[in-house]
Amino acid sequence: MTWVLWRQYRVTAAIAGAILAAFAVLLLVTGLQDAARWHAALVTCAKDGTCANLSHTVSLGGGPLNTLAVLTLAVPLVFGMFWGGPAVARERETGTMQFAWTQSVTRRHWLSVKVAWLLLAAAVFGGAVAGVVTWWYAPVNALHHGQFTPGYFDIQGIVPIGYAVFAVALGIAAGTLIGRSLPALAVTAGAFLAVRLVVAYVVRVHYLPAVTTVYSVTRNFIPQGAYWPLSQGVVLPGGQFSTSLIAAPGVIQGFGTVPASCPASSSIQISTTLACMARLGYRSFATYQPGYRFWPFQFIETGIFVALAAALIAVTFLVVLRRDA
Amino acid sequence: MTGVIETDGLTKRYRRVTALSNCTISVPQGRISALVGENGAGKTTLLRLLAGLAAPTAGRVAVLGGWPRQDRAYLAEIGFLAQEIPLYQRLTAQEHIGFGAHLNPRWDGESVRARLAGLKVPLDRPAGTLSGGQRAQLALALTLAKRPALLLLDEPLAALDPLARRDFLAALAEAASVKGDGGLTVVLSSHLIADIERVCDHLILLARSRVQLCGDIETLLAQHRILTGPCKDTTAIARTHAIVQEDTTARQTTLLVKLNGPVIDPAWTVEEANLEEIVLGYMGQDDAGHSAGPGTARLSAVGGER
C-alpha cells in the first residue's frame, strides 16, 4: 500500500518539497540578516545604555517577508483542500476505488495506510514550515514580544502542526462524506476557516483563566515577556471594572468618564488628574494571559485540533467501511 | 453441490429505485456465465454485490462459500472489472502492474506485460493517454493477472473492437480451461449475444431488476422451442407448456415456449430456438411472468439493446 501511495503522490510530494525548500531558503537568508542586525543593535545599545527602548530604534521583521510568514496561516488549509479533499473523493469520482478495493487489500487497510501517510505528511510539512517561521521570528519576538498575539501565535511553535493535521483530516472526511472533490474542497475551506476563527477568537482565551493585575493609576504596568493583552481599564472606587476609561501616566482615554470631582481638560496636567483619581480610589487594571503561558496554550490548542482530527478520521472509517464503493 | 455463487432473494434498493429485486441465482464452479439484460436491468448492481463493493438491502449472497467480506485471502479470489474501466489516469501500465504486485498475493505481472506487448500497448505511458481499447485491454489484463477463482467482468467487451473481442474471449476460454477441473468461474455481462454464444456455457438474464432466467445454456436451448402455426388459439399449448412470447399476425402465430414435454399438436411447426431468440423473448415479457397472454406479445418490438 505504501508503494502504491508513493506512486500516486510522489509528484505532489516533490512539488511540496520544492516549494518548502524555496520558502526555507528565502526565510533563512533574510532571517540571518535580521539576526545579525539584532545582535549588532544589542551591542550598540549596551554601549549607549539605550536598550530599554530598543523597539523604537531597531526595525525587524517588516516588509514582504513578514507578509510571506503571515501567509503561512493558509498552509494547513492548502494541505486540507488539495491533499485531504481528493484523497477518497477522487477515487470515488474516477471509479479507481473499485479497482483498489478489489485487489487483495481490505478497505480498512487501504484507508489506514492512506490516512496515516497523509496525516504524517501534513504534520511533517506543516511542522517544517512552522519551524522555519518560528526560527525567523526569534529576533522579532525578542524585540516586540508579539508571539502570543492572535495571528502570530497561529504561525509559530507547534499549533501549525495541529492545524495541518486537522485540515487534512477534515479534507479526507469531507471528501468521503460528499464523494466529489470539488465540493469537498469548498466544504473543507469553509469548515476549516470557521473552526479556526472560533477557536482563535472565542475559545483560546479561556484555556486558562486570564490574569488581572490592579495597580495605581499613576503607575505604568507592563507584564513580563510575551504576554497576550486582553483588556485594560479602570477599577472604579465601588469595585466595578470599566474599560471605557483608561488611565496611565501621560495617558487618559475616555475623558467623559473621568469623575467630575477631578478636573480634567486639555489645559490641566494629566498627572494632576491621575493623582486626584488615585485619591478617590480609582485604580488601573490590565487583564492578560501571561507570557509564560505561550507554550501551555500551544499544547492545549494543538491537542484540541489533533482531537478534532481524530474524530473526523473516526467518522471517515465508519463511512468507508459501511458505504458502497 | 453448491455453486461458486449462490444468492437468495438478493435485493438492492437505492433511495428511489430498486436496482435488483429478489434475485436468486446459482452459478456452478467452472462456468463462464453470461449476464444479460437491458441497460438498467440490474447487471452492474448484481456484479457489485457479488464483488463486495456494495452491500445488499435484503437477501443473502454467498460467493466461494461465504458472504463477500473484507479479508485478504477472500479478496484475492475475486477479480472484478468495472464497466467504466477505472484506471489511475496518471499512472502508466507498468505502474499499474506494480500496483497489483504490491497488493496481491498471487500476481502474474509477466502475463500483463506479454499480453500488452502482443497488443502493442505501451507500458510507459500514463493510462489517461491510452485509447479506450488499450485501456480496456490493460484493465482486463490486470484483472486476469490477479489469478482469481472468480472473475466478475462488467461489459468487458463493450470497449473492444471485434478482433480484440475475439482475442479476449479466446484468452478467457483458455484461462478457464487452464485451471481445468472446475477452477476459474466467470460472470461477464454483455449485450453481444453472438460473442456470448461463442464462449459462455451459462446464462443469467435480468429484466426490470428481476432474474428471468438462470441456467446452463445447453439446458435452456433444450427447454425452449419456437412454435409456428396458423392457430390463434394458444390455450391448448399454454395448458402444458409455458408461453414465453407470442407474436400473432393475420396469417400465423409464432410462440416461444418453455417445454414441459413434447409438443404433440401437429398444427404447430416446432423449431429449435437459438440463444438470441430466447434472450429477446424473455426480455420482452411483461412482469406478469411466463404466461404473457395475447396482445402483450412484442417479439418484434424488442429492440432496446445496442
# chains A, B, ... in the order shown; residues from 1 in each chain; ligands from 1
>>> interface_residues(of="chain A", to="chain B", cutoff="12 Å", atoms="only C-alpha atoms", output="mmCIF file with N, CA and C atoms, in the first residue's frame")
data_model
loop_
_atom_site.group_PDB
_atom_site.id
_atom_site.type_symbol
_atom_site.label_atom_id
_atom_site.label_comp_id
_atom_site.auth_asym_id
_atom_site.auth_seq_id
_atom_site.Cartn_x
_atom_site.Cartn_y
_atom_site.Cartn_z
ATOM 1 N N MET A 1 0.828 -1.200 0.000
ATOM 2 C CA MET A 1 0.000 0.000 0.000
ATOM 3 C C MET A 1 0.871 1.263 0.000
ATOM 4 N N THR A 2 1.929 1.218 0.789
ATOM 5 C CA THR A 2 2.812 2.393 0.874
ATOM 6 C C THR A 2 3.433 2.692 -0.486
ATOM 7 N N TRP A 3 3.852 1.635 -1.161
ATOM 8 C CA TRP A 3 4.432 1.797 -2.510
ATOM 9 C C TRP A 3 3.416 2.440 -3.432
ATOM 10 N N VAL A 4 2.175 1.937 -3.336
ATOM 11 C CA VAL A 4 1.093 2.434 -4.186
ATOM 12 C C VAL A 4 0.864 3.921 -3.937
ATOM 13 N N LEU A 5 0.820 4.286 -2.650
ATOM 14 C CA LEU A 5 0.607 5.696 -2.297
ATOM 15 C C LEU A 5 1.745 6.564 -2.814
ATOM 16 N N TRP A 6 2.951 6.030 -2.661
ATOM 17 C CA TRP A 6 4.115 6.805 -3.105
ATOM 18 C C TRP A 6 4.012 7.097 -4.597
ATOM 19 N N ARG A 7 3.603 6.088 -5.370
ATOM 20 C CA ARG A 7 3.437 6.282 -6.819
ATOM 21 C C ARG A 7 2.378 7.342 -7.094
ATOM 22 N N GLN A 8 1.328 7.340 -6.298
ATOM 23 C CA GLN A 8 0.233 8.276 -6.543
ATOM 24 C C GLN A 8 0.588 9.694 -6.122
ATOM 25 N N TYR A 9 1.426 9.814 -5.100
ATOM 26 C CA TYR A 9 1.638 11.129 -4.505
ATOM 27 C C TYR A 9 3.041 11.679 -4.697
ATOM 28 N N ARG A 10 3.890 10.960 -5.440
ATOM 29 C CA ARG A 10 5.277 11.411 -5.449
ATOM 30 C C ARG A 10 5.441 12.758 -6.146
ATOM 31 N N VAL A 11 4.637 13.016 -7.171
ATOM 32 C CA VAL A 11 4.723 14.311 -7.846
ATOM 33 C C VAL A 11 4.306 15.427 -6.880
ATOM 34 N N ARG A 90 -11.658 11.596 -4.881
ATOM 35 C CA ARG A 90 -11.229 11.428 -6.260
ATOM 36 C C ARG A 90 -11.283 9.969 -6.696
ATOM 37 N N GLU A 91 -10.952 9.067 -5.768
ATOM 38 C CA GLU A 91 -11.011 7.637 -6.088
ATOM 39 C C GLU A 91 -12.458 7.201 -6.332
ATOM 40 N N ARG A 92 -13.387 7.857 -5.626
ATOM 41 C CA ARG A 92 -14.796 7.537 -5.853
ATOM 42 C C ARG A 92 -15.261 8.099 -7.192
ATOM 43 N N GLU A 93 -14.878 9.369 -7.435
ATOM 44 C CA GLU A 93 -15.283 10.040 -8.671
ATOM 45 C C GLU A 93 -14.822 9.298 -9.913
ATOM 46 N N THR A 94 -13.550 8.896 -9.921
ATOM 47 C CA THR A 94 -12.988 8.295 -11.117
ATOM 48 C C THR A 94 -13.239 6.785 -11.160
ATOM 49 N N GLY A 95 -13.778 6.247 -10.073
ATOM 50 C CA GLY A 95 -14.057 4.815 -10.050
ATOM 51 C C GLY A 95 -12.866 3.958 -9.658
ATOM 52 N N THR A 96 -11.692 4.583 -9.466
ATOM 53 C CA THR A 96 -10.493 3.796 -9.137
ATOM 54 C C THR A 96 -10.640 3.111 -7.784
ATOM 55 N N MET A 97 -11.585 3.599 -6.982
ATOM 56 C CA MET A 97 -11.880 2.936 -5.712
ATOM 57 C C MET A 97 -12.267 1.481 -5.958
ATOM 58 N N GLN A 98 -13.033 1.254 -7.042
ATOM 59 C CA GLN A 98 -13.446 -0.115 -7.368
ATOM 60 C C GLN A 98 -12.247 -0.971 -7.756
ATOM 61 N N PHE A 99 -11.270 -0.335 -8.376
ATOM 62 C CA PHE A 99 -10.036 -1.056 -8.719
ATOM 63 C C PHE A 99 -9.262 -1.375 -7.449
ATOM 64 N N ALA A 100 -9.060 -0.347 -6.627
ATOM 65 C CA ALA A 100 -8.259 -0.518 -5.414
ATOM 66 C C ALA A 100 -8.897 -1.520 -4.452
ATOM 67 N N TRP A 101 -10.205 -1.463 -4.332
ATOM 68 C CA TRP A 101 -10.892 -2.292 -3.344
ATOM 69 C C TRP A 101 -11.122 -3.717 -3.807
ATOM 70 N N THR A 102 -10.809 -4.006 -5.070
ATOM 71 C CA THR A 102 -10.928 -5.400 -5.497
ATOM 72 C C THR A 102 -9.552 -6.015 -5.712
ATOM 73 N N GLN A 103 -8.504 -5.333 -5.238
ATOM 74 C CA GLN A 103 -7.221 -6.002 -5.096
ATOM 75 C C GLN A 103 -7.291 -6.733 -3.750
ATOM 76 N N SER A 104 -6.228 -7.475 -3.419
ATOM 77 C CA SER A 104 -6.308 -8.229 -2.164
ATOM 78 C C SER A 104 -5.914 -7.338 -0.984
ATOM 79 N N VAL A 105 -6.676 -6.285 -0.806
ATOM 80 C CA VAL A 105 -6.392 -5.386 0.301
ATOM 81 C C VAL A 105 -7.732 -4.919 0.858
ATOM 82 N N THR A 106 -7.861 -4.999 2.172
ATOM 83 C CA THR A 106 -9.148 -4.635 2.768
ATOM 84 C C THR A 106 -9.300 -3.120 2.770
ATOM 85 N N ARG A 107 -10.564 -2.700 2.828
ATOM 86 C CA ARG A 107 -10.815 -1.260 2.863
ATOM 87 C C ARG A 107 -10.142 -0.645 4.072
ATOM 88 N N ARG A 108 -10.201 -1.333 5.192
ATOM 89 C CA ARG A 108 -9.627 -0.801 6.426
ATOM 90 C C ARG A 108 -8.126 -0.542 6.243
ATOM 91 N N HIS A 109 -7.460 -1.520 5.642
ATOM 92 C CA HIS A 109 -6.015 -1.380 5.436
ATOM 93 C C HIS A 109 -5.724 -0.246 4.457
ATOM 94 N N TRP A 110 -6.477 -0.239 3.367
ATOM 95 C CA TRP A 110 -6.326 0.798 2.332
ATOM 96 C C TRP A 110 -6.432 2.185 2.959
ATOM 97 N N VAL A 320 -16.374 4.762 5.224
ATOM 98 C CA VAL A 320 -15.691 3.954 4.202
ATOM 99 C C VAL A 320 -15.986 2.466 4.392
ATOM 100 N N LEU A 321 -16.055 2.013 5.645
ATOM 101 C CA LEU A 321 -16.276 0.592 5.877
ATOM 102 C C LEU A 321 -17.726 0.194 5.589
ATOM 103 N N ARG A 322 -18.639 1.160 5.651
ATOM 104 C CA ARG A 322 -20.054 0.795 5.501
ATOM 105 C C ARG A 322 -20.657 1.145 4.159
ATOM 106 N N ARG A 323 -20.192 2.234 3.570
ATOM 107 C CA ARG A 323 -20.855 2.693 2.352
ATOM 108 C C ARG A 323 -20.372 1.898 1.127
ATOM 109 N N ASP A 324 -21.249 1.786 0.132
ATOM 110 C CA ASP A 324 -20.879 1.091 -1.102
ATOM 111 C C ASP A 324 -19.788 1.866 -1.835
ATOM 112 N N ALA A 325 -18.983 1.129 -2.595
ATOM 113 C CA ALA A 325 -17.931 1.784 -3.365
ATOM 114 C C ALA A 325 -18.556 2.620 -4.458
#
>>> residues_around(residues="stretch 14-29 of chain A", least_positions_apart="3", cutoff="8 Å", atoms="only C-alpha atoms", output="ChimeraX atom specification")
/A:10-11,32-33,65,125,128-129,132-133,136
>>> write_last_selection(atoms="N, CA and C atoms", output="compact mmCIF listing (two decimals), in the first residue's frame")
# COMPACT_ATOMS: atom_id res chain seq x y z
N ARG A 10 3.89 10.96 -5.44
CA ARG A 10 5.28 11.41 -5.45
C ARG A 10 5.44 12.76 -6.15
N VAL A 11 4.64 13.02 -7.17
CA VAL A 11 4.72 14.31 -7.85
C VAL A 11 4.31 15.43 -6.88
N LEU A 32 18.80 35.32 8.75
CA LEU A 32 20.19 35.51 9.20
C LEU A 32 20.53 36.99 9.22
N GLN A 33 20.05 37.73 8.21
CA GLN A 33 20.29 39.18 8.18
C GLN A 33 19.64 39.86 9.39
N LEU A 65 8.71 39.86 3.46
CA LEU A 65 8.98 38.57 4.08
C LEU A 65 8.06 38.34 5.27
N PHE A 125 5.29 18.46 6.86
CA PHE A 125 5.39 19.69 6.07
C PHE A 125 4.92 20.90 6.89
N ALA A 128 7.57 21.65 9.36
CA ALA A 128 8.76 22.26 8.75
C ALA A 128 8.52 23.75 8.48
N VAL A 129 7.36 24.06 7.92
CA VAL A 129 7.03 25.46 7.65
C VAL A 129 7.02 26.23 8.98
N VAL A 132 10.55 26.81 10.40
CA VAL A 132 11.30 27.89 9.73
C VAL A 132 10.75 29.25 10.16
N VAL A 133 9.42 29.37 10.19
CA VAL A 133 8.79 30.64 10.56
C VAL A 133 9.15 31.00 12.01
N TRP A 136 12.59 32.20 12.17
CA TRP A 136 12.70 33.51 11.53
C TRP A 136 12.21 34.62 12.46
>>> residues_around(residues="A:Ile252", least_positions_apart="5", cutoff="9 Å", atoms="only C-alpha atoms", output="MDAnalysis selection string")
chainID A and resid 245:247 258 270 274
>>> select_by_dssp(residues="stretch 7-163 of chain A", states="alpha helix (DSSP H)", output="PDB file with C-alpha atoms, in the first residue's frame")
ATOM      1  CA  ARG A   7       3.437   6.282  -6.819  1.00  0.00           C
ATOM      2  CA  GLN A   8       0.233   8.276  -6.543  1.00  0.00           C
ATOM      3  CA  TYR A   9       1.638  11.129  -4.505  1.00  0.00           C
ATOM      4  CA  ARG A  10       5.277  11.411  -5.449  1.00  0.00           C
ATOM      5  CA  VAL A  11       4.723  14.311  -7.846  1.00  0.00           C
ATOM      6  CA  THR A  12       2.700  16.143  -5.208  1.00  0.00           C
ATOM      7  CA  ALA A  13       5.368  15.417  -2.611  1.00  0.00           C
ATOM      8  CA  ALA A  14       8.112  16.680  -4.931  1.00  0.00           C
ATOM      9  CA  ILE A  15       6.238  19.915  -5.645  1.00  0.00           C
ATOM     10  CA  ALA A  16       5.525  20.478  -1.962  1.00  0.00           C
ATOM     11  CA  GLY A  17       9.172  19.751  -1.156  1.00  0.00           C
ATOM     12  CA  ALA A  18      10.405  22.211  -3.776  1.00  0.00           C
ATOM     13  CA  ILE A  19       8.099  24.980  -2.545  1.00  0.00           C
ATOM     14  CA  LEU A  20       9.123  24.285   1.041  1.00  0.00           C
ATOM     15  CA  ALA A  21      12.804  24.422   0.101  1.00  0.00           C
ATOM     16  CA  ALA A  22      12.409  27.742  -1.734  1.00  0.00           C
ATOM     17  CA  PHE A  23      10.468  29.152   1.185  1.00  0.00           C
ATOM     18  CA  ALA A  24      13.073  27.947   3.678  1.00  0.00           C
ATOM     19  CA  VAL A  25      15.957  29.449   1.684  1.00  0.00           C
ATOM     20  CA  LEU A  26      14.182  32.802   1.459  1.00  0.00           C
ATOM     21  CA  LEU A  27      13.480  32.939   5.174  1.00  0.00           C
ATOM     22  CA  LEU A  28      16.910  31.566   6.040  1.00  0.00           C
ATOM     23  CA  VAL A  29      18.712  34.344   4.163  1.00  0.00           C
ATOM     24  CA  THR A  30      16.551  37.173   5.498  1.00  0.00           C
ATOM     25  CA  GLY A  31      16.403  35.586   8.928  1.00  0.00           C
ATOM     26  CA  LEU A  32      20.185  35.506   9.198  1.00  0.00           C
ATOM     27  CA  GLN A  33      20.291  39.182   8.179  1.00  0.00           C
ATOM     28  CA  ASP A  34      17.685  40.066  10.796  1.00  0.00           C
ATOM     29  CA  ALA A  35      19.535  38.089  13.449  1.00  0.00           C
ATOM     30  CA  ALA A  36      22.796  39.891  12.611  1.00  0.00           C
ATOM     31  CA  ARG A  37      21.088  43.296  12.855  1.00  0.00           C
ATOM     32  CA  TRP A  38      19.509  42.328  16.134  1.00  0.00           C
ATOM     33  CA  HIS A  39      22.833  41.321  17.657  1.00  0.00           C
ATOM     34  CA  ALA A  40      24.520  44.447  16.326  1.00  0.00           C
ATOM     35  CA  ALA A  41      21.733  46.564  17.854  1.00  0.00           C
ATOM     36  CA  LEU A  42      22.166  44.772  21.197  1.00  0.00           C
ATOM     37  CA  VAL A  43      25.891  45.519  21.190  1.00  0.00           C
ATOM     38  CA  THR A  44      25.301  49.192  20.303  1.00  0.00           C
ATOM     39  CA  CYS A  45      22.544  49.730  22.845  1.00  0.00           C
ATOM     40  CA  ALA A  46      24.628  48.134  25.604  1.00  0.00           C
ATOM     41  CA  LYS A  47      27.324  50.745  24.880  1.00  0.00           C
ATOM     42  CA  ASP A  48      24.934  53.760  24.897  1.00  0.00           C
ATOM     43  CA  LEU A  54      15.278  49.224  21.513  1.00  0.00           C
ATOM     44  CA  SER A  55      11.931  48.683  19.795  1.00  0.00           C
ATOM     45  CA  HIS A  56      11.983  52.333  18.728  1.00  0.00           C
ATOM     46  CA  THR A  57      15.482  52.271  17.315  1.00  0.00           C
ATOM     47  CA  GLY A  63       8.448  44.014   4.638  1.00  0.00           C
ATOM     48  CA  PRO A  64       7.303  41.389   2.158  1.00  0.00           C
ATOM     49  CA  LEU A  65       8.978  38.567   4.079  1.00  0.00           C
ATOM     50  CA  ASN A  66       6.808  39.298   7.080  1.00  0.00           C
ATOM     51  CA  THR A  67       3.786  39.119   4.806  1.00  0.00           C
ATOM     52  CA  LEU A  68       5.051  35.809   3.476  1.00  0.00           C
ATOM     53  CA  ALA A  69       5.490  34.481   7.002  1.00  0.00           C
ATOM     54  CA  VAL A  70       1.981  35.600   7.950  1.00  0.00           C
ATOM     55  CA  LEU A  71       0.632  33.964   4.791  1.00  0.00           C
ATOM     56  CA  VAL A  75      -0.623  26.446   4.602  1.00  0.00           C
ATOM     57  CA  PRO A  76      -2.766  23.981   6.589  1.00  0.00           C
ATOM     58  CA  LEU A  77      -5.801  24.983   4.540  1.00  0.00           C
ATOM     59  CA  VAL A  78      -3.935  24.268   1.303  1.00  0.00           C
ATOM     60  CA  PHE A  79      -2.961  20.809   2.610  1.00  0.00           C
ATOM     61  CA  GLY A  85     -10.104  16.646  -0.052  1.00  0.00           C
ATOM     62  CA  PRO A  86      -9.375  14.422  -3.055  1.00  0.00           C
ATOM     63  CA  ALA A  87      -7.838  11.522  -1.064  1.00  0.00           C
ATOM     64  CA  VAL A  88     -11.029   9.461  -1.014  1.00  0.00           C
ATOM     65  CA  ALA A  89     -13.347  11.628  -3.130  1.00  0.00           C
ATOM     66  CA  ARG A  90     -11.229  11.428  -6.260  1.00  0.00           C
ATOM     67  CA  GLU A  91     -11.011   7.637  -6.088  1.00  0.00           C
ATOM     68  CA  ARG A  92     -14.796   7.537  -5.853  1.00  0.00           C
ATOM     69  CA  GLU A  93     -15.283  10.040  -8.671  1.00  0.00           C
ATOM     70  CA  THR A  94     -12.988   8.295 -11.117  1.00  0.00           C
ATOM     71  CA  THR A  96     -10.493   3.796  -9.137  1.00  0.00           C
ATOM     72  CA  MET A  97     -11.880   2.936  -5.712  1.00  0.00           C
ATOM     73  CA  GLN A  98     -13.446  -0.115  -7.368  1.00  0.00           C
ATOM     74  CA  PHE A  99     -10.036  -1.056  -8.719  1.00  0.00           C
ATOM     75  CA  ALA A 100      -8.259  -0.518  -5.414  1.00  0.00           C
ATOM     76  CA  ARG A 107     -10.815  -1.260   2.863  1.00  0.00           C
ATOM     77  CA  ARG A 108      -9.627  -0.801   6.426  1.00  0.00           C
ATOM     78  CA  HIS A 109      -6.015  -1.380   5.436  1.00  0.00           C
ATOM     79  CA  TRP A 110      -6.326   0.798   2.332  1.00  0.00           C
ATOM     80  CA  LEU A 111      -7.743   3.679   4.354  1.00  0.00           C
ATOM     81  CA  SER A 112      -5.406   3.234   7.335  1.00  0.00           C
ATOM     82  CA  VAL A 113      -2.269   3.454   5.239  1.00  0.00           C
ATOM     83  CA  LYS A 114      -3.589   6.333   3.160  1.00  0.00           C
ATOM     84  CA  VAL A 115      -4.758   8.353   6.156  1.00  0.00           C
ATOM     85  CA  ALA A 116      -1.605   7.645   8.137  1.00  0.00           C
ATOM     86  CA  TRP A 117       0.731   8.822   5.390  1.00  0.00           C
ATOM     87  CA  LEU A 118      -1.317  11.890   4.553  1.00  0.00           C
ATOM     88  CA  LEU A 119      -1.524  12.954   8.188  1.00  0.00           C
ATOM     89  CA  LEU A 120       2.169  12.282   8.636  1.00  0.00           C
ATOM     90  CA  ALA A 121       2.951  14.351   5.546  1.00  0.00           C
ATOM     91  CA  ALA A 122       0.738  17.153   6.858  1.00  0.00           C
ATOM     92  CA  ALA A 123       2.497  17.069  10.217  1.00  0.00           C
ATOM     93  CA  VAL A 124       5.974  16.979   8.666  1.00  0.00           C
ATOM     94  CA  PHE A 125       5.391  19.688   6.068  1.00  0.00           C
ATOM     95  CA  GLY A 126       3.301  21.813   8.424  1.00  0.00           C
ATOM     96  CA  GLY A 127       5.929  21.346  11.122  1.00  0.00           C
ATOM     97  CA  ALA A 128       8.765  22.257   8.748  1.00  0.00           C
ATOM     98  CA  VAL A 129       7.033  25.463   7.654  1.00  0.00           C
ATOM     99  CA  ALA A 130       6.232  26.352  11.268  1.00  0.00           C
ATOM    100  CA  GLY A 131       9.801  25.556  12.316  1.00  0.00           C
ATOM    101  CA  VAL A 132      11.297  27.886   9.731  1.00  0.00           C
ATOM    102  CA  VAL A 133       8.792  30.643  10.560  1.00  0.00           C
ATOM    103  CA  THR A 134       9.399  30.247  14.313  1.00  0.00           C
ATOM    104  CA  TRP A 135      13.130  30.491  13.814  1.00  0.00           C
ATOM    105  CA  TRP A 136      12.702  33.515  11.532  1.00  0.00           C
ATOM    106  CA  TYR A 137      10.593  35.293  14.162  1.00  0.00           C
ATOM    107  CA  ALA A 138      13.094  34.763  17.002  1.00  0.00           C
ATOM    108  CA  PRO A 139      14.695  38.263  16.775  1.00  0.00           C
ATOM    109  CA  VAL A 140      11.306  39.886  16.142  1.00  0.00           C
ATOM    110  CA  ASN A 141       9.880  38.124  19.188  1.00  0.00           C
ATOM    111  CA  ALA A 142      12.866  39.170  21.291  1.00  0.00           C
ATOM    112  CA  LEU A 143      12.233  42.752  20.251  1.00  0.00           C
ATOM    113  CA  HIS A 144       8.430  43.015  20.262  1.00  0.00           C
ATOM    114  CA  VAL A 159      -0.006  24.758  16.630  1.00  0.00           C
ATOM    115  CA  PRO A 160       0.550  24.846  12.839  1.00  0.00           C
ATOM    116  CA  ILE A 161       1.159  21.086  13.040  1.00  0.00           C
ATOM    117  CA  GLY A 162      -2.190  20.654  14.768  1.00  0.00           C
ATOM    118  CA  TYR A 163      -3.891  22.829  12.173  1.00  0.00           C
TER     119      TYR A 163
END
>>> select_by_dssp(residues="stretch 201-245 of chain A", states="strand (DSSP E)", output="list in words")
Val211, Thr212, Thr213, Val214, Tyr215, Ser216, Trp228, Pro229, Leu230, Ser231, Gln232, Gly233, Val234, Val235, Phe241 and Ser242 of chain A
>>> write_last_selection(atoms="C-alpha atoms", output="PDB file, in the first residue's frame")
ATOM      1  CA  VAL A 211      -4.718  37.168  34.968  1.00  0.00           C
ATOM      2  CA  THR A 212      -5.918  40.607  36.095  1.00  0.00           C
ATOM      3  CA  THR A 213      -3.460  42.936  37.744  1.00  0.00           C
ATOM      4  CA  VAL A 214      -4.716  46.013  39.551  1.00  0.00           C
ATOM      5  CA  TYR A 215      -2.297  48.886  40.062  1.00  0.00           C
ATOM      6  CA  SER A 216      -2.140  52.586  40.757  1.00  0.00           C
ATOM      7  CA  TRP A 228      -1.267  38.447  25.443  1.00  0.00           C
ATOM      8  CA  PRO A 229      -3.116  41.674  26.324  1.00  0.00           C
ATOM      9  CA  LEU A 230      -6.866  41.156  26.643  1.00  0.00           C
ATOM     10  CA  SER A 231      -8.303  44.272  28.158  1.00  0.00           C
ATOM     11  CA  GLN A 232      -7.409  47.217  30.341  1.00  0.00           C
ATOM     12  CA  GLY A 233      -9.253  49.971  32.081  1.00  0.00           C
ATOM     13  CA  VAL A 234     -10.034  51.371  35.484  1.00  0.00           C
ATOM     14  CA  VAL A 235     -11.388  49.855  38.671  1.00  0.00           C
ATOM     15  CA  PHE A 241     -14.255  47.253  36.238  1.00  0.00           C
ATOM     16  CA  SER A 242     -14.662  49.782  33.462  1.00  0.00           C
TER      17      SER A 242
END
>>> decode(residues="stretch 37-49 of chain A", atoms="N, CA and C atoms", output="mmCIF file, in the first residue's frame")
data_model
loop_
_atom_site.group_PDB
_atom_site.id
_atom_site.type_symbol
_atom_site.label_atom_id
_atom_site.label_comp_id
_atom_site.auth_asym_id
_atom_site.auth_seq_id
_atom_site.Cartn_x
_atom_site.Cartn_y
_atom_site.Cartn_z
ATOM 1 N N ARG A 37 21.438 41.914 12.488
ATOM 2 C CA ARG A 37 21.088 43.296 12.855
ATOM 3 C C ARG A 37 20.659 43.376 14.312
ATOM 4 N N TRP A 38 19.964 42.376 14.741
ATOM 5 C CA TRP A 38 19.509 42.328 16.134
ATOM 6 C C TRP A 38 20.700 42.274 17.084
ATOM 7 N N HIS A 39 21.659 41.429 16.769
ATOM 8 C CA HIS A 39 22.833 41.321 17.657
ATOM 9 C C HIS A 39 23.662 42.591 17.616
ATOM 10 N N ALA A 40 23.785 43.184 16.440
ATOM 11 C CA ALA A 40 24.520 44.447 16.326
ATOM 12 C C ALA A 40 23.824 45.519 17.162
ATOM 13 N N ALA A 41 22.494 45.561 17.104
ATOM 14 C CA ALA A 41 21.733 46.564 17.854
ATOM 15 C C ALA A 41 21.919 46.364 19.354
ATOM 16 N N LEU A 42 21.970 45.074 19.773
ATOM 17 C CA LEU A 42 22.166 44.772 21.197
ATOM 18 C C LEU A 42 23.519 45.294 21.673
ATOM 19 N N VAL A 43 24.537 45.074 20.826
ATOM 20 C CA VAL A 43 25.891 45.519 21.190
ATOM 21 C C VAL A 43 25.919 47.044 21.298
ATOM 22 N N THR A 44 25.316 47.721 20.326
ATOM 23 C CA THR A 44 25.301 49.192 20.303
ATOM 24 C C THR A 44 24.555 49.753 21.508
ATOM 25 N N CYS A 45 23.377 49.164 21.776
ATOM 26 C CA CYS A 45 22.544 49.730 22.845
ATOM 27 C C CYS A 45 23.186 49.503 24.204
ATOM 28 N N ALA A 46 23.930 48.373 24.341
ATOM 29 C CA ALA A 46 24.628 48.134 25.604
ATOM 30 C C ALA A 46 25.665 49.230 25.845
ATOM 31 N N LYS A 47 26.303 49.688 24.760
ATOM 32 C CA LYS A 47 27.324 50.745 24.880
ATOM 33 C C LYS A 47 26.672 52.072 25.279
ATOM 34 N N ASP A 48 25.529 52.455 24.578
ATOM 35 C CA ASP A 48 24.934 53.760 24.897
ATOM 36 C C ASP A 48 23.840 53.678 25.956
ATOM 37 N N GLY A 49 23.591 52.476 26.496
ATOM 38 C CA GLY A 49 22.556 52.370 27.522
ATOM 39 C C GLY A 49 21.164 52.690 27.023
#
